[in-house]
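Okay, structure_30.cif now, which holds mmCIF, C-alpha atoms:
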data_entry
loop_
_atom_site.label_atom_id
_atom_site.label_comp_id
_atom_site.auth_asym_id
_atom_site.auth_seq_id
_atom_site.Cartn_x
_atom_site.Cartn_y
_atom_site.Cartn_z
CA MET G 7 48.78 101.03 68.60
CA ALA G 8 50.61 98.99 71.21
CA SER G 9 49.17 99.26 74.69
CA LYS G 10 50.96 101.53 77.10
CA VAL G 11 53.49 100.29 79.62
CA LYS G 12 52.04 100.26 83.14
CA VAL G 13 54.16 101.86 85.87
CA ALA G 14 53.56 101.92 89.63
CA THR G 15 55.61 103.94 92.14
CA CYS G 16 55.80 104.34 95.90
CA SER G 17 57.93 105.93 98.59
CA LEU G 18 58.85 103.94 101.72
CA ALA G 19 61.45 105.21 104.22
CA GLY G 20 62.50 108.02 101.91
CA CYS G 21 61.88 111.74 101.56
CA PHE G 22 59.94 111.81 98.26
CA GLY G 23 62.99 113.52 96.76
CA CYS G 24 63.26 110.79 94.10
CA HIS G 25 59.64 111.37 93.06
CA MET G 26 60.28 115.12 92.92
CA SER G 27 63.37 114.57 90.79
CA PHE G 28 61.38 112.28 88.48
CA LEU G 29 58.85 115.11 87.96
CA ASP G 30 61.82 117.32 87.05
CA ILE G 31 61.87 115.67 83.61
CA ASP G 32 59.43 118.55 82.98
CA GLU G 33 57.87 118.62 79.51
CA ARG G 34 59.37 115.23 78.70
CA LEU G 35 56.64 113.94 81.02
CA LEU G 36 54.23 114.55 78.13
CA ASP G 37 56.35 112.38 75.80
CA LEU G 38 56.56 109.78 78.52
CA LEU G 39 52.79 109.70 78.98
CA GLU G 40 52.51 108.65 75.32
CA LEU G 41 54.40 105.51 76.32
CA ILE G 42 53.35 104.77 79.88
CA GLU G 43 50.35 104.97 82.14
CA PHE G 44 50.53 105.23 85.90
CA ASP G 45 48.99 102.57 88.07
CA ARG G 46 49.32 102.90 91.85
CA SER G 47 51.41 106.00 92.58
CA PRO G 48 51.42 109.06 94.85
CA ILE G 49 51.17 110.99 91.57
CA ASN G 50 47.54 109.84 91.07
CA ASP G 51 46.82 108.72 94.66
CA ILE G 52 45.76 105.19 93.68
CA LYS G 53 46.49 103.07 96.78
CA THR G 54 46.85 99.49 95.55
CA ILE G 55 47.93 97.76 92.35
CA GLU G 56 45.16 95.71 90.73
CA GLY G 57 46.56 92.96 88.50
CA ILE G 58 50.12 93.07 87.19
CA VAL G 59 52.05 96.18 86.10
CA ASP G 60 55.19 96.22 83.98
CA PHE G 61 57.49 98.35 86.11
CA GLY G 62 57.46 99.17 89.82
CA PHE G 63 59.68 102.00 91.06
CA VAL G 64 60.27 101.97 94.79
CA GLU G 65 61.90 104.89 96.58
CA GLY G 66 63.13 104.67 100.19
CA GLY G 67 64.38 101.85 102.39
CA LEU G 68 62.56 99.70 104.92
CA CYS G 69 62.14 101.09 108.44
CA ASN G 70 58.81 99.57 109.55
CA ALA G 71 56.40 96.67 108.99
CA GLU G 72 54.16 98.74 106.71
CA ASN G 73 57.15 99.41 104.39
CA VAL G 74 57.78 95.66 104.16
CA HIS G 75 54.09 94.97 103.47
CA LEU G 76 53.95 97.53 100.64
CA LEU G 77 57.25 96.36 99.16
CA LYS G 78 55.99 92.76 99.05
CA HIS G 79 52.77 94.01 97.40
CA PHE G 80 54.93 95.69 94.75
CA ARG G 81 57.06 92.59 94.24
CA GLU G 82 53.97 90.45 93.74
CA HIS G 83 52.37 92.88 91.31
CA CYS G 84 55.34 94.22 89.30
CA ARG G 85 56.96 92.32 86.47
CA VAL G 86 60.15 94.36 86.93
CA LEU G 87 61.00 95.95 90.27
CA VAL G 88 63.42 98.89 90.46
CA SER G 89 65.19 100.16 93.59
CA VAL G 90 65.28 103.93 93.21
CA GLY G 91 67.73 106.14 95.08
CA GLU G 92 70.28 105.77 97.85
CA CYS G 93 67.77 104.79 100.59
CA ALA G 94 66.22 101.98 98.57
CA ILE G 95 69.62 100.70 97.44
CA THR G 96 71.69 101.00 100.65
CA GLY G 97 69.28 102.11 103.40
CA GLY G 98 70.64 105.64 102.98
CA ILE G 99 70.39 108.43 105.51
CA PRO G 100 67.56 106.74 107.54
CA SER G 101 69.92 103.77 108.10
CA MET G 102 72.20 106.04 110.12
CA ARG G 103 69.94 105.00 112.99
CA ASN G 104 71.51 101.53 112.67
CA HIS G 105 74.41 102.94 114.70
CA HIS G 106 72.10 102.77 117.71
CA THR G 107 69.66 100.21 119.07
CA LEU G 108 65.98 100.86 118.38
CA LYS G 109 65.47 101.36 122.12
CA GLU G 110 68.15 104.08 122.19
CA CYS G 111 66.51 105.82 119.22
CA LEU G 112 63.05 105.78 120.84
CA TYR G 113 64.38 106.97 124.21
CA GLU G 114 66.33 109.79 122.61
CA THR G 115 63.31 110.92 120.60
CA TYR G 116 60.38 110.44 122.99
CA ILE G 117 61.81 110.28 126.52
CA ARG G 118 65.07 112.21 126.86
CA GLY G 119 64.77 114.48 123.81
CA VAL G 120 64.98 118.26 124.09
CA GLY G 121 61.55 119.85 124.73
CA VAL G 122 59.71 116.53 125.21
CA GLU G 123 56.55 116.89 127.30
CA ASN G 124 54.40 114.00 128.57
CA ALA G 125 57.29 111.67 127.80
CA HIS G 126 56.15 108.26 126.55
CA ILE G 127 56.90 106.01 123.61
CA PRO G 128 53.92 106.05 121.19
CA ASP G 129 52.23 102.64 121.07
CA ASP G 130 48.97 103.24 119.20
CA ALA G 131 47.80 100.12 117.35
CA GLU G 132 47.54 102.24 114.17
CA LEU G 133 51.30 102.83 114.14
CA PRO G 134 53.34 100.34 112.13
CA LEU G 135 55.97 98.50 114.16
CA LEU G 136 59.51 99.73 113.62
CA LEU G 137 62.10 97.26 112.35
CA ASP G 138 65.23 96.64 114.42
CA LYS G 139 67.25 98.33 111.67
CA VAL G 140 66.64 100.17 108.42
CA TYR G 141 67.25 97.84 105.47
CA PRO G 142 67.72 98.26 101.71
CA LEU G 143 65.03 96.68 99.51
CA HIS G 144 67.19 93.83 98.23
CA ALA G 145 67.52 92.57 101.82
CA VAL G 146 63.85 91.49 101.66
CA VAL G 147 62.79 90.96 98.03
CA ARG G 148 64.41 90.26 94.68
CA VAL G 149 65.20 93.52 92.92
CA ASP G 150 65.66 93.58 89.14
CA HIS G 151 67.33 96.95 88.57
CA TYR G 152 68.91 99.78 90.56
CA LEU G 153 68.72 103.51 89.81
CA PRO G 154 71.22 105.22 92.15
CA GLY G 155 71.43 108.87 93.19
CA CYS G 156 70.26 111.08 96.03
CA PRO G 157 68.11 111.74 94.19
CA PRO G 158 68.79 110.32 90.71
CA SER G 159 68.79 113.34 88.39
CA ALA G 160 65.86 113.98 86.03
CA ASP G 161 68.17 113.02 83.15
CA ALA G 162 69.08 109.79 84.92
CA PHE G 163 65.35 108.99 85.34
CA TRP G 164 64.69 109.78 81.69
CA HIS G 165 67.60 107.70 80.43
CA PHE G 166 66.74 104.79 82.74
CA LEU G 167 63.03 104.75 81.85
CA THR G 168 63.51 105.06 78.11
CA GLU G 169 66.11 102.26 78.14
CA LEU G 170 63.80 100.07 80.21
CA ILE G 171 60.80 100.73 77.93
CA ALA G 172 63.00 99.96 74.90
CA GLY G 173 63.71 96.56 76.45
CA ARG G 174 67.39 97.23 77.17
CA ASP G 175 69.38 96.88 80.40
CA PRO G 176 69.12 100.34 81.97
CA ASN G 177 72.83 101.01 82.55
CA LEU G 178 73.62 104.61 83.41
CA PRO G 179 76.41 106.31 81.46
CA LEU G 180 79.25 107.72 83.59
CA GLN G 181 77.95 111.30 83.52
CA LEU G 182 74.57 110.23 84.98
CA LEU G 183 75.95 107.85 87.62
CA ARG G 184 76.00 109.61 91.02
CA TYR G 185 75.48 108.40 94.57
CA ASP G 186 74.97 111.86 96.05
CA MET I 9 118.13 98.83 68.06
CA SER I 10 118.65 101.04 71.11
CA PRO I 11 118.96 99.28 74.50
CA ASP I 12 115.67 100.82 75.62
CA SER I 13 113.64 99.35 72.78
CA ASN I 14 113.85 95.97 74.53
CA ARG I 15 112.09 97.48 77.50
CA THR I 16 108.49 97.05 76.50
CA PHE I 17 105.71 94.69 77.48
CA PHE I 18 102.21 94.18 76.16
CA LEU I 19 99.17 95.38 78.08
CA ASP I 20 95.88 94.27 76.53
CA GLY I 21 97.76 94.05 73.23
CA GLN I 22 99.24 97.57 73.48
CA GLU I 23 103.04 97.88 73.59
CA ILE I 24 104.04 99.71 76.79
CA PRO I 25 107.58 101.07 77.33
CA PHE I 26 109.07 101.02 80.83
CA ARG I 27 112.14 102.11 82.77
CA GLU I 28 114.24 99.61 84.72
CA GLY I 29 112.62 99.04 88.12
CA GLN I 30 109.18 100.38 87.15
CA SER I 31 106.12 98.43 88.16
CA VAL I 32 103.52 97.28 85.66
CA PHE I 33 101.17 99.85 87.23
CA ASP I 34 103.61 102.76 86.88
CA ALA I 35 104.51 101.89 83.30
CA ALA I 36 100.82 101.59 82.34
CA MET I 37 99.88 104.91 83.95
CA SER I 38 102.92 106.60 82.30
CA ALA I 39 101.65 105.33 78.97
CA GLY I 40 98.18 106.73 79.72
CA VAL I 41 96.46 103.45 80.61
CA PHE I 42 94.44 103.65 83.83
CA ILE I 43 94.43 100.68 86.19
CA PRO I 44 91.85 100.98 89.02
CA HIS I 45 93.46 101.12 92.47
CA LEU I 46 92.51 102.13 96.02
CA CYS I 47 95.25 101.30 98.55
CA HIS I 48 97.98 102.67 96.29
CA ASN I 49 98.81 106.34 96.03
CA PRO I 50 101.58 106.76 93.44
CA ASP I 51 103.26 109.39 95.66
CA TYR I 52 104.05 106.68 98.21
CA GLU I 53 105.38 103.14 98.29
CA PRO I 54 102.89 100.53 96.98
CA HIS I 55 101.27 98.09 99.39
CA SER I 56 99.31 95.70 97.13
CA SER I 57 96.58 94.99 99.68
CA CYS I 58 93.34 96.12 98.02
CA ARG I 59 93.96 93.88 94.97
CA LEU I 60 91.92 96.19 92.78
CA CYS I 61 94.91 96.73 90.48
CA THR I 62 95.26 92.99 89.89
CA VAL I 63 96.28 92.14 86.34
CA ILE I 64 97.04 88.83 84.65
CA VAL I 65 100.76 88.52 83.89
CA ASN I 66 101.68 85.61 81.65
CA GLY I 67 98.53 83.82 82.80
CA ARG I 68 98.81 84.46 86.55
CA PRO I 69 97.20 87.19 88.68
CA PHE I 70 99.48 89.80 90.29
CA ALA I 71 98.95 93.20 91.94
CA SER I 72 100.25 95.53 89.23
CA CYS I 73 101.42 98.15 91.76
CA THR I 74 104.14 95.84 93.09
CA GLN I 75 104.73 93.66 90.02
CA PRO I 76 107.97 94.66 88.25
CA ALA I 77 107.64 95.27 84.53
CA VAL I 78 109.64 92.74 82.53
CA ALA I 79 110.41 92.96 78.81
CA GLY I 80 108.10 90.94 76.63
CA GLN I 81 105.61 89.91 79.28
CA MET I 82 101.95 89.65 78.28
CA VAL I 83 99.65 91.54 80.65
CA GLN I 84 95.86 91.69 80.67
CA SER I 85 93.93 94.29 82.64
CA ASP I 86 90.75 95.29 80.85
CA THR I 87 89.09 91.89 80.63
CA ALA I 88 85.52 90.92 81.54
CA GLU I 89 86.83 88.67 84.33
CA LEU I 90 89.04 91.34 85.92
CA ARG I 91 86.31 93.97 85.60
CA ALA I 92 83.91 91.60 87.41
CA MET I 93 86.49 90.98 90.15
CA ARG I 94 87.07 94.72 90.62
CA ARG I 95 83.33 95.31 90.81
CA THR I 96 82.97 92.60 93.44
CA LEU I 97 85.87 93.92 95.55
CA THR I 98 84.45 97.43 95.44
CA GLN I 99 80.93 96.28 96.31
CA MET I 100 82.32 94.39 99.31
CA LEU I 101 84.10 97.54 100.52
CA PHE I 102 80.82 99.45 100.30
CA VAL I 103 78.77 96.93 102.29
CA GLU I 104 81.45 96.30 104.93
CA GLY I 105 81.50 99.95 106.00
CA ASN I 106 78.89 102.66 106.37
CA HIS I 107 79.29 104.77 103.26
CA TYR I 108 76.61 107.44 103.17
CA CYS I 109 77.63 109.31 100.02
CA PRO I 110 74.75 111.84 100.21
CA SER I 111 75.93 113.18 103.58
CA CYS I 112 79.69 112.67 103.21
CA GLU I 113 81.94 115.72 103.01
CA LYS I 114 84.31 113.79 100.73
CA SER I 115 81.67 113.09 98.05
CA GLY I 116 83.07 114.08 94.66
CA SER I 117 86.69 113.78 95.81
CA CYS I 118 86.41 110.22 97.12
CA LYS I 119 88.44 107.54 95.38
CA LEU I 120 86.11 104.75 96.49
CA GLN I 121 83.09 106.56 95.02
CA ALA I 122 84.93 107.59 91.84
CA THR I 123 86.23 104.04 91.35
CA ALA I 124 82.69 102.69 91.75
CA TYR I 125 81.54 105.17 89.07
CA HIS I 126 84.38 104.02 86.83
CA LEU I 127 83.30 100.41 87.31
CA GLY I 128 79.66 101.33 86.61
CA LEU I 129 78.30 100.10 89.94
CA GLN I 130 74.58 100.79 90.28
CA ASP I 131 74.14 98.64 93.39
CA ASN I 132 76.09 96.94 96.16
CA HIS I 133 74.71 93.46 95.44
CA TYR I 134 75.56 92.09 98.93
CA PRO I 135 73.65 92.60 102.20
CA GLN I 136 74.77 95.71 104.07
CA PHE I 137 76.76 94.85 107.22
CA PHE I 138 75.86 98.10 109.04
CA PRO I 139 78.87 97.70 111.39
CA ARG I 140 78.99 99.82 114.53
CA ARG I 141 82.28 101.69 114.47
CA GLU I 142 83.47 104.48 116.72
CA MET I 143 83.97 107.99 115.47
CA ASP I 144 86.79 110.08 116.93
CA ALA I 145 85.91 113.78 116.79
CA SER I 146 88.01 114.59 119.87
CA HIS I 147 90.73 116.55 118.04
CA ALA I 148 90.19 120.27 117.48
CA ASP I 149 91.18 120.12 113.80
CA ILE I 150 90.93 116.51 112.63
CA ILE I 151 88.14 113.95 112.51
CA LEU I 152 88.48 110.16 112.22
CA ASP I 153 85.25 108.61 110.95
CA ARG I 154 85.84 104.86 110.95
CA ASP I 155 82.51 104.26 109.15
CA ARG I 156 84.15 105.45 105.95
CA CYS I 157 87.47 103.62 106.39
CA ILE I 158 88.35 101.03 103.73
CA LEU I 159 91.47 99.85 105.61
CA CYS I 160 93.81 100.74 102.75
CA GLY I 161 96.49 101.38 105.38
CA LEU I 162 97.73 104.53 103.66
CA CYS I 163 97.54 106.63 106.85
CA VAL I 164 99.43 103.92 108.75
CA ARG I 165 102.19 103.80 106.14
CA ILE I 166 102.52 107.55 105.65
CA SER I 167 102.48 108.31 109.37
CA ARG I 168 105.20 105.70 109.90
CA ASP I 169 107.41 106.26 106.84
CA VAL I 170 106.98 109.94 106.00
CA ASP I 171 105.63 111.80 109.04
CA ARG I 172 107.70 109.49 111.31
CA LYS I 173 105.03 109.65 114.01
CA ASN I 174 103.31 106.27 113.95
CA VAL I 175 100.00 107.91 114.84
CA PHE I 176 97.86 105.28 113.11
CA ALA I 177 97.88 101.49 113.24
CA MET I 178 95.49 98.64 112.52
CA THR I 179 94.23 96.26 115.16
CA GLY I 180 91.90 93.26 115.14
CA ARG I 181 91.58 90.59 112.49
CA GLY I 182 89.43 90.06 109.43
CA ILE I 183 86.12 91.89 109.55
CA HIS I 184 86.98 93.22 113.03
CA THR I 185 90.03 95.14 111.80
CA VAL I 186 89.92 98.83 112.71
CA ILE I 187 92.25 101.82 112.67
CA VAL I 188 93.57 102.74 116.12
CA VAL I 189 95.40 105.84 117.28
CA ASP I 190 98.68 105.95 119.20
CA SER I 191 97.82 107.79 122.41
CA ALA I 192 97.18 106.80 126.01
CA SER I 193 93.45 107.47 125.67
CA GLY I 194 93.29 106.08 122.12
CA LEU I 195 91.92 109.45 121.02
CA LEU I 196 93.32 111.75 118.34
CA LYS I 197 93.35 114.74 120.69
CA ASP I 198 95.99 113.07 122.86
CA SER I 199 98.13 111.90 119.94
CA ARG I 200 100.95 113.70 118.10
CA VAL I 201 98.83 114.15 114.97
CA THR I 202 98.61 117.63 113.39
CA VAL I 203 96.83 118.93 110.29
CA GLU I 204 100.21 119.26 108.56
CA ASP I 205 100.77 115.49 108.68
CA GLU I 206 100.76 113.94 105.23
CA ALA I 207 98.86 110.99 106.71
CA VAL I 208 95.95 113.36 107.36
CA GLN I 209 96.06 114.86 103.86
CA HIS I 210 95.92 111.68 101.79
CA CYS I 211 93.04 109.55 103.03
CA PRO I 212 91.42 108.35 99.76
CA VAL I 213 87.98 108.32 101.39
CA GLY I 214 86.34 110.56 104.01
CA ALA I 215 87.69 108.65 107.03
CA ILE I 216 90.31 111.25 107.99
CA LEU I 217 89.26 114.83 107.36
CA VAL I 218 90.47 118.25 108.42
CA LYS I 219 87.63 120.02 110.19
CA GLY I 220 86.25 123.23 108.73
CA LYS I 221 87.62 122.50 105.24
CA ALA I 222 85.01 120.03 104.03
CA PHE I 223 83.01 122.40 101.83
CA GLU I 224 85.82 124.75 100.68
CA VAL I 225 85.30 123.26 97.24
CA PRO I 226 81.56 123.07 96.57
CA ILE I 227 79.80 119.87 95.51
CA GLY I 228 79.78 119.77 91.73
CA GLU I 229 83.25 121.34 91.39
CA ARG I 230 85.29 118.60 93.00
CA ILE I 231 88.04 116.47 91.43
CA TYR I 232 85.85 113.69 90.09
CA ASP I 233 82.86 115.95 89.43
CA LYS I 234 84.98 117.53 86.72
CA GLU I 235 86.55 114.45 85.18
CA PRO I 236 86.34 110.70 85.76
CA ILE I 237 88.99 109.08 87.97
CA ALA I 238 90.51 107.30 84.96
CA VAL I 239 91.34 110.67 83.39
CA ALA I 240 92.19 112.59 86.59
CA SER I 241 94.51 109.94 87.95
CA VAL I 242 96.44 109.38 84.72
CA ARG I 243 96.83 113.14 84.28
CA ARG I 244 98.14 113.51 87.83
CA PHE I 245 100.50 110.56 87.40
CA GLN I 246 101.93 111.87 84.15
CA ALA I 247 102.43 115.37 85.59
CA ARG I 248 104.35 113.83 88.49
CA GLU I 249 106.45 111.73 86.10
CA ALA I 250 107.29 114.82 84.03
CA LEU I 251 108.56 116.57 87.18
CA THR I 252 110.64 113.61 88.35
CA HIS I 253 111.98 112.22 85.09
CA GLY I 254 111.58 115.13 82.65
#
Rewrite the coordinates I just gave you, this time as structure tokens.
Amino acid sequence: MASKVKVATCSLAGCFGCHMSFLDIDERLLDLLELIEFDRSPINDIKTIEGIVDFGFVEGGLCNAENVHLLKHFREHCRVLVSVGECAITGGIPSMRNHHTLKECLYETYIRGVGVENAHIPDDAELPLLLDKVYPLHAVVRVDHYLPGCPPSADAFWHFLTELIAGRDPNLPLQLLRYD
Amino acid sequence: MSPDSNRTFFLDGQEIPFREGQSVFDAAMSAGVFIPHLCHNPDYEPHSSCRLCTVIVNGRPFASCTQPAVAGQMVQSDTAELRAMRRTLTQMLFVEGNHYCPSCEKSGSCKLQATAYHLGLQDNHYPQFFPRREMDASHADIILDRDRCILCGLCVRISRDVDRKNVFAMTGRGIHTVIVVDSASGLLKDSRVTVEDEAVQHCPVGAILVKGKAFEVPIGERIYDKEPIAVASVRRFQAREALTHG
């Protein structure tokens, strides 16, 4: 029997909605697990990819230095990298902060915001530095394929994954192509 | 041979009849062939600025919405090259603005989104510009969200030619072009615009919206949720033709 396809996933500046929608493939997950095995993923809580995996699915855009670090880790360790969902592909809802400077965002949240007590901008060394703007993944690394939707539907995930595993270009048919 | 039988041209090899004075676009849509378009609304005069409806006529590119149909001409529309050009133009419109489909009230009824679906766009290819554009929510009933504007100029043309109010105009050049409003303050609330204006009703994207109406039709039941733009737009065009020309 051929060895299983290795898949890694992660969520950056996203809401985990794409991961939830992926799990919505329900019992088809059992069929899928005949074909794939999960490497690093929030689904199994493995934190880093050892070696090379076949497919990396990245949800969410880039809002801080830690996002960029993890994305580069994925690019280095995934044969095929997929941008999943509106945030990964365009920056999405988090990129609405790009209307304002980072300073304005921090002041509004931590200094002037409603109900703020002990107003100060958090600066703990543990906190990843925020980027000047929220960026889509392809602004930083090469991306091989894009799976749009907010989130992509379970059927879109299923179609996309099965096409990818079959070695075809994962083009979504019209009825599965949505940006909202 | 009746006089009218001379009035046909060939579109991707299909013989298309036309009436004297019809554009290539109108004749194609009458015959049930969809040509992607954004700045053109068949209810109004064509403008040929978005170039999405570009076709090759006798070897040269023309905007089909303003190109008169001529007997015997050979027209190509559904070619790999033209599809690639339409994809590129649409991707550029997406990255030049701030189009947040998941939070946009127009999602499902938006011609930009539906056209991107038609063209099979799964990504925007280019870097996002993230331009900073001003929103005008000053009017009690109407909102102007410039983030979503694709500068098709339809509101400018309709307000000038149909509403006869000249509420909207474009200013700036190139990437700095924006829609401006005719009022002393530059705000919609001080202009002559009203919700009855046709210019307000026909924005193809979510840039001009009537407040409080956004979710009257729920997501999932909107124009292009029910059928793709290629089907919806040809159906609408043919219904309009039947009314006007029997």
Quiz item: How many Å lie between atom CA of I:Phe70 and atom CA of I:Leu101, rounded to one decimal?
Solution: 20.0 Å
Self-check item: Separation of atom CA of I:Leu129 from atom CA of G:Leu39 in Å
Solution: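 Going from atom CA of G:Leu39 over to atom CA of I:Leu129, I get 29.4 Å.
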Quiz item: How far is it from atom CA of G:Val11 to atom CA of G:Val64, in Å with one decimal?
Solution: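 According to the coordinates, atom CA of G:Val11 and atom CA of G:Val64 are separated by 16.7 Å.
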Practice problem: Would you write out, as an MDAnalysis selection string, every residue that the PyMOL selection byres ((chain G) within 8 of (chain I)) captures in this file? | Solution: chainID G and resid 92 95:96 98:99 104:105 141:142 144:145 152:154 156 177:180 183:186
Write out the residues from the selection above, keeping C-alpha atoms, as a short mmCIF file (atom, residue, chain, number, x, y, z; two decimals), in the frame of the given file.
data_model
loop_
_atom_site.label_atom_id
_atom_site.label_comp_id
_atom_site.auth_asym_id
_atom_site.auth_seq_id
_atom_site.Cartn_x
_atom_site.Cartn_y
_atom_site.Cartn_z
CA GLU G 92 70.28 105.77 97.85
CA ILE G 95 69.62 100.70 97.44
CA THR G 96 71.69 101.00 100.65
CA GLY G 98 70.64 105.64 102.98
CA ILE G 99 70.39 108.43 105.51
CA ASN G 104 71.51 101.53 112.67
CA HIS G 105 74.41 102.94 114.70
CA TYR G 141 67.25 97.84 105.47
CA PRO G 142 67.72 98.26 101.71
CA HIS G 144 67.19 93.83 98.23
CA ALA G 145 67.52 92.57 101.82
CA TYR G 152 68.91 99.78 90.56
CA LEU G 153 68.72 103.51 89.81
CA PRO G 154 71.22 105.22 92.15
CA CYS G 156 70.26 111.08 96.03
CA ASN G 177 72.83 101.01 82.55
CA LEU G 178 73.62 104.61 83.41
CA PRO G 179 76.41 106.31 81.46
CA LEU G 180 79.25 107.72 83.59
CA LEU G 183 75.95 107.85 87.62
CA ARG G 184 76.00 109.61 91.02
CA TYR G 185 75.48 108.40 94.57
CA ASP G 186 74.97 111.86 96.05
#
Exercise. Please tell me which residues are no farther than 7 Å from (99.2, 111.9, 107.0) in the file, counting only C-alpha atoms, and write them as an MDAnalysis selection string.
Key: chainID I and resid 163 166:167 171 205:210
Enclose stretch 176-184 of chain I, meaning all of its atoms listed in the file, in a box aligned along x, y and z, pad it by 4 Å on each side, and list the centre and edge lengths in Å to one decimal, as AutoDock Vina command-line options.
--center_x 92.0 --center_y 97.7 --center_z 112.3 --size_x 19.8 --size_y 23.2 --size_z 13.7
Self-check item: Residue among G:His151, G:Cys21, G:Lys12, G:Leu29 lying closest to G:Val90, counting all atoms listed in the file
Solution: G:His151
Distance query stretch 237-246 of chain I at most 9 Å, all atoms listed in the file, self and fewer than 2 positions along chain excluded, as a PDB file with C-alpha atoms, keeping the file's coordinate frame:
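Below is the file around-v1.pdb, written as the result:
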ATOM      1  CA  ASP I  34     103.610 102.760  86.880  1.00  0.00           C
ATOM      2  CA  MET I  37      99.880 104.910  83.950  1.00  0.00           C
ATOM      3  CA  SER I  38     102.920 106.600  82.300  1.00  0.00           C
ATOM      4  CA  ALA I  39     101.650 105.330  78.970  1.00  0.00           C
ATOM      5  CA  GLY I  40      98.180 106.730  79.720  1.00  0.00           C
ATOM      6  CA  VAL I  41      96.460 103.450  80.610  1.00  0.00           C
ATOM      7  CA  PHE I  42      94.440 103.650  83.830  1.00  0.00           C
ATOM      8  CA  ILE I  43      94.430 100.680  86.190  1.00  0.00           C
ATOM      9  CA  PRO I  44      91.850 100.980  89.020  1.00  0.00           C
ATOM     10  CA  PRO I  50     101.580 106.760  93.440  1.00  0.00           C
ATOM     11  CA  ASP I  51     103.260 109.390  95.660  1.00  0.00           C
ATOM     12  CA  LYS I 119      88.440 107.540  95.380  1.00  0.00           C
ATOM     13  CA  ALA I 122      84.930 107.590  91.840  1.00  0.00           C
ATOM     14  CA  THR I 123      86.230 104.040  91.350  1.00  0.00           C
ATOM     15  CA  TYR I 125      81.540 105.170  89.070  1.00  0.00           C
ATOM     16  CA  HIS I 126      84.380 104.020  86.830  1.00  0.00           C
ATOM     17  CA  ILE I 231      88.040 116.470  91.430  1.00  0.00           C
ATOM     18  CA  TYR I 232      85.850 113.690  90.090  1.00  0.00           C
ATOM     19  CA  LYS I 234      84.980 117.530  86.720  1.00  0.00           C
ATOM     20  CA  GLU I 235      86.550 114.450  85.180  1.00  0.00           C
ATOM     21  CA  ARG I 248     104.350 113.830  88.490  1.00  0.00           C
ATOM     22  CA  GLU I 249     106.450 111.730  86.100  1.00  0.00           C
ATOM     23  CA  ALA I 250     107.290 114.820  84.030  1.00  0.00           C
ATOM     24  CA  LEU I 251     108.560 116.570  87.180  1.00  0.00           C
TER      25      LEU I 251
END
Self-check item: Proximity to I:Gly182 - best of I:Ile64, I:Leu159, I:Leu195, I:Ala92, only C-alpha atoms
Solution: I:Leu159
Exercise. Name the residues that the PyMOL selection byres ((chain G and resi 134) around 7) picks from the file above, as a list in words, using the file's chain letters and numbers.
Key: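 Applied to this file, the PyMOL selection byres ((chain G and resi 134) around 7) selects Asn70, Ala71, Glu72, Glu132, Leu133, Leu135 and Leu136 of chain G.
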Exercise. Excluding G:Pro100 and residues on its chain fewer than 6 positions from it, collect all residues at most 10 Å away from it, counting all atoms listed in the file, and give them as a ChimeraX atom specification.
Key: /G:19-21,66-69,93,139-141
I need the residues from that last selection saved to file as a PDB file, in the frame of the given file (with C-alpha atoms), if you can.
ATOM      1  CA  ALA G  19      61.450 105.210 104.220  1.00  0.00           C
ATOM      2  CA  GLY G  20      62.500 108.020 101.910  1.00  0.00           C
ATOM      3  CA  CYS G  21      61.880 111.740 101.560  1.00  0.00           C
ATOM      4  CA  GLY G  66      63.130 104.670 100.190  1.00  0.00           C
ATOM      5  CA  GLY G  67      64.380 101.850 102.390  1.00  0.00           C
ATOM      6  CA  LEU G  68      62.560  99.700 104.920  1.00  0.00           C
ATOM      7  CA  CYS G  69      62.140 101.090 108.440  1.00  0.00           C
ATOM      8  CA  CYS G  93      67.770 104.790 100.590  1.00  0.00           C
ATOM      9  CA  LYS G 139      67.250  98.330 111.670  1.00  0.00           C
ATOM     10  CA  VAL G 140      66.640 100.170 108.420  1.00  0.00           C
ATOM     11  CA  TYR G 141      67.250  97.840 105.470  1.00  0.00           C
TER      12      TYR G 141
END
Exercise. Report the residues retrieved by the PyMOL selection byres ((chain G and resi 149) around 8) from the displayed file, expressed as a ChimeraX atom specification.
Key: /G:86-89,143-144,147-148,150-152
Self-check item: Given all atoms listed in the file as the counted atoms, nearest of G:Asp30, G:Val74, G:Pro128, G:Thr15 to G:Asp51
Solution: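 Of G:Asp30, G:Val74, G:Pro128, G:Thr15, the one nearest G:Asp51, counting all atoms listed in the file, is G:Thr15.
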